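This is coords.txt. It holds compact mmCIF, C-alpha atoms.
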```txt
# COMPACT_ATOMS: atom_id res chain seq x y z
CA MET A 183 -13.72 -44.31 -49.99
CA THR A 184 -10.99 -46.73 -51.07
CA HIS A 185 -9.54 -49.11 -48.52
CA PHE A 186 -5.82 -49.26 -49.23
CA SER A 187 -3.93 -52.47 -48.47
CA HIS A 188 -0.98 -54.56 -49.56
CA ALA A 189 -3.38 -56.82 -51.49
CA MET A 190 -3.84 -54.04 -54.06
CA VAL A 191 -0.11 -54.16 -54.82
CA LEU A 192 -0.08 -57.95 -55.08
CA ASP A 193 -3.02 -57.84 -57.49
CA ALA A 194 -1.31 -55.13 -59.52
CA LYS A 195 1.83 -57.21 -59.95
CA THR A 196 -0.18 -60.02 -61.53
CA ARG A 197 -2.17 -57.61 -63.68
CA ILE A 198 0.83 -55.80 -65.19
CA ALA A 199 3.33 -58.66 -65.39
CA ALA A 200 2.96 -58.99 -69.16
CA PHE A 201 3.62 -55.29 -69.75
CA VAL A 202 6.37 -54.05 -67.40
CA HIS A 203 10.05 -54.86 -67.03
CA GLU A 204 11.24 -56.50 -63.82
CA THR A 205 14.01 -53.96 -63.33
CA PRO A 206 17.50 -54.85 -62.09
CA ILE A 207 18.98 -54.25 -58.65
CA HIS A 208 22.44 -52.66 -58.71
CA THR A 209 25.07 -52.45 -55.99
CA SER A 210 28.29 -50.52 -55.49
CA ALA A 211 31.28 -51.57 -53.38
CA THR A 212 32.23 -47.90 -53.07
CA LEU A 213 28.77 -46.93 -51.82
CA ASP A 214 28.76 -49.83 -49.36
CA ALA A 215 32.18 -48.76 -48.05
CA GLN A 216 31.12 -45.13 -47.60
CA THR A 217 27.92 -46.05 -45.78
CA LYS A 218 29.26 -49.13 -43.95
CA ALA A 219 26.09 -50.80 -45.19
CA GLU A 220 24.73 -53.07 -47.89
CA VAL A 221 22.91 -50.84 -50.36
CA PHE A 222 20.66 -52.09 -53.14
CA LEU A 223 19.38 -49.75 -55.85
CA LYS A 224 16.10 -50.80 -57.51
CA CYS A 225 16.69 -49.28 -60.93
CA GLU A 226 13.42 -48.02 -62.40
CA ASN A 227 15.50 -45.94 -64.81
CA PHE A 228 15.50 -49.19 -66.80
CA GLN A 229 11.70 -49.41 -66.78
CA LYS A 230 9.77 -48.81 -70.00
CA THR A 231 9.50 -45.05 -70.64
CA GLY A 232 12.44 -44.57 -68.27
CA SER A 233 10.59 -44.39 -64.94
CA PHE A 234 8.45 -46.19 -62.36
CA LYS A 235 5.44 -44.28 -63.68
CA PHE A 236 4.81 -46.97 -66.28
CA ARG A 237 3.84 -49.41 -63.51
CA GLY A 238 1.00 -47.28 -62.21
CA ALA A 239 -0.20 -46.28 -65.65
CA SER A 240 -0.23 -49.91 -66.77
CA ASN A 241 -2.25 -51.00 -63.75
CA ALA A 242 -4.74 -48.18 -64.23
CA VAL A 243 -5.35 -49.02 -67.89
CA ALA A 244 -5.45 -52.79 -67.30
CA SER A 245 -7.98 -52.31 -64.48
CA LEU A 246 -10.57 -50.62 -66.71
CA SER A 247 -13.64 -52.43 -67.99
CA ASP A 248 -13.74 -53.16 -71.72
CA MET A 249 -16.41 -50.47 -72.14
CA ALA A 250 -14.42 -47.81 -70.29
CA ARG A 251 -11.19 -48.78 -72.02
CA ALA A 252 -12.74 -48.32 -75.46
CA ASN A 253 -13.12 -44.57 -74.84
CA GLY A 254 -9.49 -44.26 -73.88
CA VAL A 255 -7.71 -42.47 -71.04
CA TYR A 256 -6.56 -38.92 -70.41
CA ALA A 257 -4.36 -36.99 -68.01
CA HIS A 258 -2.44 -33.77 -67.60
CA SER A 259 1.30 -34.18 -67.21
CA SER A 260 4.50 -32.45 -68.25
CA GLY A 261 6.64 -35.54 -68.41
CA ASN A 262 6.96 -39.04 -67.01
CA HIS A 263 3.27 -39.77 -66.39
CA ALA A 264 2.41 -38.51 -69.87
CA GLN A 265 4.85 -40.92 -71.48
CA ALA A 266 3.84 -43.80 -69.23
CA LEU A 267 0.10 -43.45 -69.82
CA ALA A 268 0.62 -42.99 -73.56
CA LEU A 269 2.57 -46.25 -73.84
CA ALA A 270 0.19 -48.16 -71.56
CA ALA A 271 -2.71 -47.05 -73.75
CA GLN A 272 -0.84 -47.92 -76.93
CA LEU A 273 -0.11 -51.44 -75.68
CA HIS A 274 -3.84 -51.91 -75.00
CA GLY A 275 -4.78 -50.44 -78.37
CA ILE A 276 -6.83 -47.55 -76.95
CA PRO A 277 -6.75 -43.75 -77.34
CA CYS A 278 -4.76 -41.56 -74.97
CA TYR A 279 -5.22 -37.81 -74.55
CA ILE A 280 -2.54 -35.81 -72.75
CA VAL A 281 -2.61 -32.16 -71.70
CA MET A 282 0.90 -30.70 -71.47
CA PRO A 283 1.98 -27.17 -70.49
CA GLU A 284 3.30 -25.27 -73.49
CA ASP A 285 6.70 -24.92 -71.81
CA SER A 286 7.14 -28.69 -71.35
CA ASN A 287 10.46 -30.30 -72.22
CA PRO A 288 10.56 -30.82 -76.01
CA THR A 289 12.11 -34.27 -75.58
CA LYS A 290 9.23 -35.39 -73.35
CA ILE A 291 6.66 -33.92 -75.74
CA ALA A 292 8.22 -35.85 -78.61
CA ALA A 293 8.31 -39.08 -76.58
CA THR A 294 4.67 -38.71 -75.53
CA LYS A 295 3.59 -38.17 -79.13
CA GLY A 296 5.84 -41.02 -80.19
CA TYR A 297 3.90 -43.39 -77.95
CA GLY A 298 0.75 -42.41 -79.81
CA ALA A 299 -0.86 -39.86 -77.51
CA ASP A 300 -3.01 -37.00 -78.74
CA VAL A 301 -1.29 -34.01 -77.08
CA THR A 302 -3.05 -30.74 -76.29
CA PHE A 303 -1.05 -27.78 -75.00
CA CYS A 304 -2.15 -25.31 -72.34
CA SER A 305 -0.78 -22.39 -70.34
CA PRO A 306 1.78 -23.44 -67.71
CA THR A 307 -0.54 -23.05 -64.73
CA HIS A 308 -2.22 -25.63 -62.52
CA GLU A 309 -5.64 -24.15 -63.27
CA ALA A 310 -5.11 -24.27 -67.04
CA ARG A 311 -4.02 -27.90 -66.89
CA TRP A 312 -7.15 -28.94 -64.99
CA LYS A 313 -9.56 -26.91 -67.11
CA THR A 314 -8.12 -28.17 -70.38
CA ALA A 315 -8.10 -31.77 -69.16
CA GLU A 316 -11.69 -31.46 -67.94
CA ARG A 317 -12.79 -30.23 -71.36
CA ILE A 318 -11.07 -33.11 -73.12
CA GLY A 319 -12.63 -35.61 -70.74
CA LYS A 320 -16.11 -34.30 -71.53
CA GLU A 321 -15.46 -34.29 -75.26
CA THR A 322 -14.03 -37.79 -75.46
CA GLY A 323 -15.66 -39.75 -72.63
CA ALA A 324 -12.19 -41.00 -71.70
CA THR A 325 -11.23 -42.07 -68.16
CA PHE A 326 -9.04 -39.73 -66.15
CA VAL A 327 -5.90 -41.30 -64.70
CA HIS A 328 -4.38 -39.13 -61.98
CA PRO A 329 -0.56 -39.27 -61.94
CA HIS A 330 -0.25 -40.14 -58.26
CA ASN A 331 -3.55 -40.05 -56.33
CA ASP A 332 -5.44 -42.74 -58.30
CA PRO A 333 -5.64 -45.95 -56.18
CA ARG A 334 -4.80 -48.06 -59.24
CA VAL A 335 -1.71 -45.95 -59.88
CA ILE A 336 -0.59 -46.17 -56.25
CA ALA A 337 -0.93 -49.96 -56.30
CA GLY A 338 1.04 -50.22 -59.52
CA GLN A 339 3.89 -48.08 -58.20
CA GLY A 340 4.19 -50.36 -55.18
CA THR A 341 5.20 -53.27 -57.40
CA ALA A 342 8.74 -51.86 -57.70
CA CYS A 343 9.24 -52.29 -53.96
CA LEU A 344 7.50 -55.68 -54.07
CA GLU A 345 10.05 -56.93 -56.61
CA LEU A 346 12.88 -55.55 -54.46
CA ILE A 347 11.68 -57.36 -51.34
CA GLU A 348 11.00 -60.60 -53.21
CA LYS A 349 14.62 -60.62 -54.45
CA LEU A 350 16.31 -59.61 -51.20
CA THR A 351 13.95 -61.11 -48.58
CA THR A 352 15.13 -58.82 -45.77
CA LEU A 353 15.82 -55.09 -45.52
CA ASP A 354 16.30 -52.76 -42.56
CA LEU A 355 15.61 -49.50 -44.40
CA ILE A 356 13.95 -48.40 -47.63
CA LEU A 357 14.41 -44.95 -49.16
CA ALA A 358 12.06 -43.56 -51.81
CA PRO A 359 11.59 -40.08 -53.28
CA VAL A 360 8.33 -38.26 -52.63
CA GLY A 361 6.62 -35.69 -54.85
CA GLY A 362 2.94 -36.43 -55.41
CA GLY A 363 3.42 -39.46 -53.17
CA GLY A 364 2.30 -42.32 -55.43
CA LEU A 365 5.62 -44.18 -55.32
CA LEU A 366 6.15 -43.71 -51.59
CA SER A 367 2.54 -44.70 -50.83
CA GLY A 368 2.73 -47.89 -52.87
CA THR A 369 6.09 -48.67 -51.28
CA LEU A 370 4.67 -48.22 -47.80
CA LEU A 371 1.63 -50.43 -48.44
CA ILE A 372 3.70 -53.45 -49.45
CA ALA A 373 6.84 -52.89 -47.37
CA LYS A 374 5.09 -52.46 -44.04
CA HIS A 375 3.13 -55.68 -44.66
CA LEU A 376 5.96 -57.92 -45.85
CA LEU A 377 8.60 -56.45 -43.52
CA PRO A 378 6.81 -55.14 -40.41
CA ASP A 379 10.06 -53.95 -38.80
CA VAL A 380 11.46 -52.14 -41.85
CA GLN A 381 12.01 -48.40 -41.63
CA VAL A 382 10.71 -46.46 -44.65
CA ILE A 383 11.93 -42.91 -45.19
CA GLY A 384 10.53 -40.57 -47.83
CA CYS A 385 13.07 -38.19 -49.34
CA GLU A 386 12.22 -34.78 -50.77
CA PRO A 387 14.01 -31.60 -51.80
CA GLU A 388 14.27 -28.76 -49.28
CA GLY A 389 12.82 -26.52 -51.96
CA ALA A 390 9.69 -28.65 -52.33
CA ASP A 391 9.18 -29.94 -48.80
CA ASP A 392 5.39 -29.85 -48.69
CA ALA A 393 5.22 -33.47 -47.49
CA ALA A 394 7.47 -32.84 -44.50
CA ARG A 395 5.72 -29.59 -43.60
CA GLY A 396 2.30 -31.12 -44.14
CA LEU A 397 2.99 -34.03 -41.82
CA GLU A 398 4.46 -31.69 -39.23
CA GLY A 399 1.41 -29.41 -39.44
CA GLY A 400 -1.21 -32.12 -39.71
CA GLY A 401 -2.63 -31.25 -43.13
CA ARG A 402 -1.80 -31.13 -46.83
CA ILE A 403 0.02 -28.08 -48.16
CA LEU A 404 -1.20 -27.10 -51.60
CA ASP A 405 -0.20 -23.46 -51.90
CA PHE A 406 3.56 -23.42 -52.39
CA VAL A 407 6.05 -22.58 -55.12
CA PRO A 408 8.59 -25.39 -55.54
CA ASP A 409 12.21 -24.46 -56.15
CA THR A 410 14.26 -27.53 -56.97
CA ILE A 411 16.18 -29.17 -59.78
CA ALA A 412 14.20 -32.36 -59.05
CA ASP A 413 11.38 -31.51 -61.45
CA GLY A 414 9.54 -34.79 -60.83
CA LEU A 415 9.04 -33.89 -57.16
CA ARG A 416 7.45 -30.45 -57.49
CA THR A 417 3.88 -31.77 -57.13
CA PRO A 418 1.88 -31.59 -53.87
CA LEU A 419 0.61 -34.74 -52.20
CA GLY A 420 -2.88 -35.97 -53.07
CA ASP A 421 -5.47 -36.63 -50.39
CA ASN A 422 -5.02 -40.41 -50.76
CA THR A 423 -1.24 -40.32 -50.74
CA PHE A 424 -1.15 -37.90 -47.82
CA GLU A 425 -3.22 -40.25 -45.66
CA ILE A 426 -1.20 -43.34 -46.55
CA ILE A 427 2.10 -41.56 -45.90
CA ARG A 428 0.82 -39.96 -42.69
CA LYS A 429 -0.22 -43.36 -41.37
CA HIS A 430 2.81 -45.44 -42.34
CA VAL A 431 5.97 -43.45 -43.06
CA ASP A 432 8.71 -43.34 -40.45
CA ARG A 433 9.86 -39.89 -41.47
CA ILE A 434 10.50 -37.52 -44.34
CA GLU A 435 14.11 -36.51 -44.97
CA ARG A 436 14.77 -33.12 -46.58
CA VAL A 437 17.67 -32.94 -49.04
CA SER A 438 19.55 -29.85 -50.25
CA GLU A 439 20.10 -29.01 -53.90
CA THR A 440 23.84 -29.44 -53.45
CA ASP A 441 23.37 -32.93 -52.02
CA ILE A 442 21.01 -33.87 -54.87
CA LEU A 443 23.61 -32.88 -57.46
CA ARG A 444 26.43 -34.63 -55.62
CA ALA A 445 24.41 -37.83 -55.29
CA MET A 446 23.50 -37.75 -58.97
CA ARG A 447 27.11 -37.27 -59.96
CA PHE A 448 28.21 -40.11 -57.65
CA VAL A 449 25.79 -42.56 -59.26
CA TRP A 450 26.65 -41.39 -62.76
CA GLU A 451 30.41 -41.71 -62.23
CA ARG A 452 30.77 -44.62 -59.81
CA MET A 453 27.87 -46.84 -60.87
CA LYS A 454 27.60 -45.78 -64.54
CA LEU A 455 23.86 -45.30 -64.13
CA LEU A 456 22.06 -42.35 -65.72
CA ILE A 457 19.55 -41.21 -63.11
CA GLU A 458 17.48 -38.04 -62.96
CA PRO A 459 17.63 -35.52 -60.08
CA SER A 460 14.40 -36.87 -58.56
CA SER A 461 16.07 -40.27 -58.17
CA ALA A 462 19.17 -38.73 -56.62
CA VAL A 463 17.02 -37.30 -53.84
CA ALA A 464 16.69 -40.83 -52.43
CA VAL A 465 20.44 -41.50 -52.70
CA ALA A 466 21.57 -38.23 -51.11
CA PRO A 467 20.78 -39.16 -47.46
CA LEU A 468 23.17 -42.11 -47.79
CA LEU A 469 26.04 -39.79 -48.69
CA ASN A 470 25.43 -36.72 -46.54
CA GLY A 471 25.36 -38.50 -43.18
CA SER A 472 21.81 -37.46 -42.29
CA ILE A 473 20.62 -41.00 -41.58
CA GLU A 474 22.12 -43.95 -39.70
CA THR A 475 23.41 -46.51 -42.20
CA SER A 476 26.13 -48.56 -40.49
CA GLY A 477 25.50 -52.30 -40.54
CA ARG A 478 22.12 -52.02 -42.27
CA ARG A 479 20.63 -53.55 -45.42
CA ILE A 480 19.21 -50.63 -47.37
CA GLY A 481 16.98 -50.56 -50.43
CA VAL A 482 16.70 -47.43 -52.56
CA ILE A 483 13.99 -46.94 -55.18
CA ILE A 484 15.65 -45.23 -58.15
CA SER A 485 12.58 -43.63 -59.67
CA GLY A 486 13.79 -42.85 -63.18
CA GLY A 487 16.45 -41.74 -65.62
CA ASN A 488 14.76 -39.23 -67.90
CA VAL A 489 17.46 -36.60 -68.14
CA ASP A 490 17.35 -34.25 -71.13
CA VAL A 491 20.59 -34.77 -73.04
CA ASN A 492 20.83 -31.02 -73.67
CA ALA A 493 20.78 -30.42 -69.90
CA PHE A 494 23.16 -33.27 -69.06
CA PHE A 495 26.40 -31.28 -69.14
CA ASP A 496 24.88 -28.33 -67.31
CA LEU A 497 23.86 -30.70 -64.51
CA LEU A 498 27.29 -32.30 -64.50
CA GLU A 499 29.00 -28.91 -64.18
CA ALA A 500 26.59 -27.77 -61.46
CA SER A 501 27.45 -30.83 -59.37
CA ILE A 502 31.13 -29.93 -59.06
```

Once you've parsed the file, please lay out its structure as structure tokens.
Amino acid sequence: MTHFSHAMVLDAKTRIAAFVHETPIHTSATLDAQTKAEVFLKCENFQKTGSFKFRGASNAVASLSDMARANGVYAHSSGNHAQALALAAQLHGIPCYIVMPEDSNPTKIAATKGYGADVTFCSPTHEARWKTAERIGKETGATFVHPHNDPRVIAGQGTACLELIEKLTTLDLILAPVGGGGLLSGTLLIAKHLLPDVQVIGCEPEGADDAARGLEGGGRILDFVPDTIADGLRTPLGDNTFEIIRKHVDRIERVSETDILRAMRFVWERMKLLIEPSSAVAVAPLLNGSIETSGRRIGVIISGGNVDVNAFFDLLEASI
């Protein structure tokens, strides 16, 4: 069993430094005025492949032995992890095999193939994804890289928060979205070590609130049907991420679909940043009054900006 600690995140930062962008931190006078706080957005929408996922994928690939790396890596993913792992593999000059549901976003399919991955399609069910991926793993001898539960992935995701803290030194509150829990887990590991008094809140859609319900009930919830525009947060927690979050998180904040859309529109219009709905989930609590913000220094992990251009105007209209 893996022992998770802040040291894993520190090691990951060194390991992936040559591959990832150190993403910018953006502020907004309007957002500060509305919240009566100092708010700092860590913009992983500017990361390679458009999301924080590239950090974890890079750390996973860079952590492999030369022998394991030669056989390549594989995963099942409908979007951001697929692109991230494909690019990480390409930069290391190794094969990458991705299983994608046949109804995946065409833009994300094209991007994954563009980064050099060998894409196999399957039926859009959880069982089909696992069975197809398992077959490919046996055929190729490649190493499986889980999108959020792999310890190497968790450590890599935590480097976004590490960069944020290194730049700002002090924070009172950190907000991060939670789907499979890799980003929030990595954030918790490093934040609670470097800033023992910081409050860390995970943010998730009301229509995919398995993390909140799982923590309230004392066990992971796997059997649920997510209903949210935040497509990156429809995944249940892994056993590793559940335990890290259960141990360290201060609370999980549920966010309505209306608040997600309003937060996304606010960031698009006021900050000129293209963020995806999953990112807006972590901004929404600042705008809807559900958390105490006055007088606090607040960091927000903006997880990504992979919005399909064809859906952009539909999202914009829905946010009115």

Requested in this report: Find the distance between CA of Ala358 in chain A and CA of His258 in chain A and write it in Å to one decimal.
Outcome: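 Those two atoms sit 23.6 Å apart.
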
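Among the candidates A:Leu469, A:Ile427, A:Leu365, A:Val449, the residue lying nearest to Val335 in chain A is A:Leu365 (atoms considered: all atoms listed in the file).
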
Starting from 3 Å padding per side, set up an axis-aligned box that covers all listed atoms of range 398-415 of chain A and hand over centre and edge lengths in Å, one decimal, as AutoDock Vina command-line options.
```
--center_x 6.8 --center_y -28.7 --center_z -50.3 --size_x 24.8 --size_y 18.2 --size_z 28.2
```

How close does range 279-333 of chain A get to range 212-234 of chain A? List, as JSON lines, each residue of range 279-333 of chain A within 10 Å, its nearest atom pair and the distance in Å to one decimal, counting only C-alpha atoms.
```
{"residue": "A:Ala293", "atom": "CA", "partner": "A:Thr231", "partner_atom": "CA", "distance": 8.5}
{"residue": "A:Thr294", "atom": "CA", "partner": "A:Thr231", "partner_atom": "CA", "distance": 9.4}
{"residue": "A:Tyr297", "atom": "CA", "partner": "A:Thr231", "partner_atom": "CA", "distance": 9.4}
```

Next, dump the selected residues to file, keeping only C-alpha atoms, as an mmCIF file, in the coordinates of the input.
```cif
data_model
loop_
_atom_site.group_PDB
_atom_site.id
_atom_site.type_symbol
_atom_site.label_atom_id
_atom_site.label_comp_id
_atom_site.auth_asym_id
_atom_site.auth_seq_id
_atom_site.Cartn_x
_atom_site.Cartn_y
_atom_site.Cartn_z
ATOM 1 C CA ALA A 293 8.310 -39.080 -76.580
ATOM 2 C CA THR A 294 4.670 -38.710 -75.530
ATOM 3 C CA TYR A 297 3.900 -43.390 -77.950
#
```

Skip Ala194 in chain A itself and residues of its chain fewer than 5 positions away, then list as a PDB file with C-alpha atoms, keeping the file's coordinate frame all residues within 12 Å of it, counting all atoms listed in the file.
```
ATOM      1  CA  SER A 187      -3.930 -52.470 -48.470  1.00  0.00           C
ATOM      2  CA  HIS A 188      -0.980 -54.560 -49.560  1.00  0.00           C
ATOM      3  CA  ALA A 189      -3.380 -56.820 -51.490  1.00  0.00           C
ATOM      4  CA  ALA A 199       3.330 -58.660 -65.390  1.00  0.00           C
ATOM      5  CA  ALA A 200       2.960 -58.990 -69.160  1.00  0.00           C
ATOM      6  CA  PHE A 201       3.620 -55.290 -69.750  1.00  0.00           C
ATOM      7  CA  VAL A 202       6.370 -54.050 -67.400  1.00  0.00           C
ATOM      8  CA  ARG A 237       3.840 -49.410 -63.510  1.00  0.00           C
ATOM      9  CA  GLY A 238       1.000 -47.280 -62.210  1.00  0.00           C
ATOM     10  CA  ALA A 239      -0.200 -46.280 -65.650  1.00  0.00           C
ATOM     11  CA  SER A 240      -0.230 -49.910 -66.770  1.00  0.00           C
ATOM     12  CA  ASN A 241      -2.250 -51.000 -63.750  1.00  0.00           C
ATOM     13  CA  ALA A 242      -4.740 -48.180 -64.230  1.00  0.00           C
ATOM     14  CA  VAL A 243      -5.350 -49.020 -67.890  1.00  0.00           C
ATOM     15  CA  ALA A 244      -5.450 -52.790 -67.300  1.00  0.00           C
ATOM     16  CA  SER A 245      -7.980 -52.310 -64.480  1.00  0.00           C
ATOM     17  CA  PRO A 333      -5.640 -45.950 -56.180  1.00  0.00           C
ATOM     18  CA  ARG A 334      -4.800 -48.060 -59.240  1.00  0.00           C
ATOM     19  CA  VAL A 335      -1.710 -45.950 -59.880  1.00  0.00           C
ATOM     20  CA  ILE A 336      -0.590 -46.170 -56.250  1.00  0.00           C
ATOM     21  CA  ALA A 337      -0.930 -49.960 -56.300  1.00  0.00           C
ATOM     22  CA  GLY A 338       1.040 -50.220 -59.520  1.00  0.00           C
ATOM     23  CA  GLN A 339       3.890 -48.080 -58.200  1.00  0.00           C
ATOM     24  CA  GLY A 340       4.190 -50.360 -55.180  1.00  0.00           C
ATOM     25  CA  THR A 341       5.200 -53.270 -57.400  1.00  0.00           C
ATOM     26  CA  ALA A 342       8.740 -51.860 -57.700  1.00  0.00           C
ATOM     27  CA  LEU A 344       7.500 -55.680 -54.070  1.00  0.00           C
ATOM     28  CA  GLU A 345      10.050 -56.930 -56.610  1.00  0.00           C
ATOM     29  CA  GLY A 368       2.730 -47.890 -52.870  1.00  0.00           C
ATOM     30  CA  ILE A 372       3.700 -53.450 -49.450  1.00  0.00           C
TER      31      ILE A 372
END
```

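Among A:Leu192, A:Ile207, A:Val437, A:Ala324, the residue with the shortest atom-to-atom distance to Leu246 in chain A, counting all atoms listed in the file, is A:Ala324.
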
Report summary line: Judged by all atoms listed in the file, the minimum distance to Thr440 in chain A among A:Pro408, A:Gly399, A:Gly254, A:Pro387 is found for A:Pro387

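The coordinates place CA of Ser485 in chain A at 8.1 Å from CA of Glu458 in chain A.
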
Report task. Calculate how many Å separate CA of Ala315 in chain A from CA of Thr410 in chain A, rounding to one decimal. Result ->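 CA of Ala315 in chain A sits 25.8 Å away from CA of Thr410 in chain A.
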
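Among the candidates A:Pro459, A:Gly384, A:Pro283, A:Pro418, the residue lying nearest to Ile473 in chain A is A:Gly384 (atoms considered: all atoms listed in the file).
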
Report task. Give the answer as one residue: which of A:Arg452, A:Arg478, A:His375, A:Lys429 has the shortest atom-to-atom distance to Thr209 in chain A, using all atoms listed in the file? Result ->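 For Thr209 in chain A, the nearest of the given residues is A:Arg452.
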
Query raised in the report: Counting only C-alpha atoms, what is within 7 Å of Leu357 in chain A, bar same-chain residues fewer than 3 positions away, as a list of chain:residue names?
Result: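 After dropping sequence-adjacent residues, the list is A:Val382, A:Ile383, A:Gly384, A:Cys385, A:Ala464, A:Gly481, A:Val482, A:Ile483.
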
Requested in this report: Return the single residue from A:Val255, A:Ile403, A:Ala268, A:Val191 that is closest to Thr322 in chain A, with distances computed using only C-alpha atoms.
Outcome: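 Comparing A:Val255, A:Ile403, A:Ala268, A:Val191 against Thr322 in chain A, the winner is A:Val255.
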
Might you pull out every residue within 6 Å of range 261-264 of chain A, with all atoms listed in the file counted and same-chain residues fewer than 4 positions away left off, and present them as a compact mmCIF listing (two decimals) with C-alpha atoms, in the coordinates of the input?
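Final output, part.txt:
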```txt
# COMPACT_ATOMS: atom_id res chain seq x y z
CA LYS A 235 5.44 -44.28 -63.68
CA LYS A 290 9.23 -35.39 -73.35
CA PRO A 329 -0.56 -39.27 -61.94
```

Query - Residue list as a PyMOL selection string for point (-7.4, -43.7, -81.2), cut-off 8 Å, all atoms listed in the file - result: chain A and resi 254+275-278

Query raised in the report: Can you find the residues with an atom no farther than 12 Å from (-4.8, -36.3, -67.0), counting all atoms listed in the file, and report them as a VMD selection string?
Result: chain A and resid 239 254 to 261 263 to 268 278 to 283 299 to 302 308 311 to 319 324 to 332

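Counting only C-alpha atoms, Glu284 in chain A has the following residues at most 6 Å away, ignoring those fewer than 5 positions along the same chain: Phe303, Cys304 and Ser305 of chain A.
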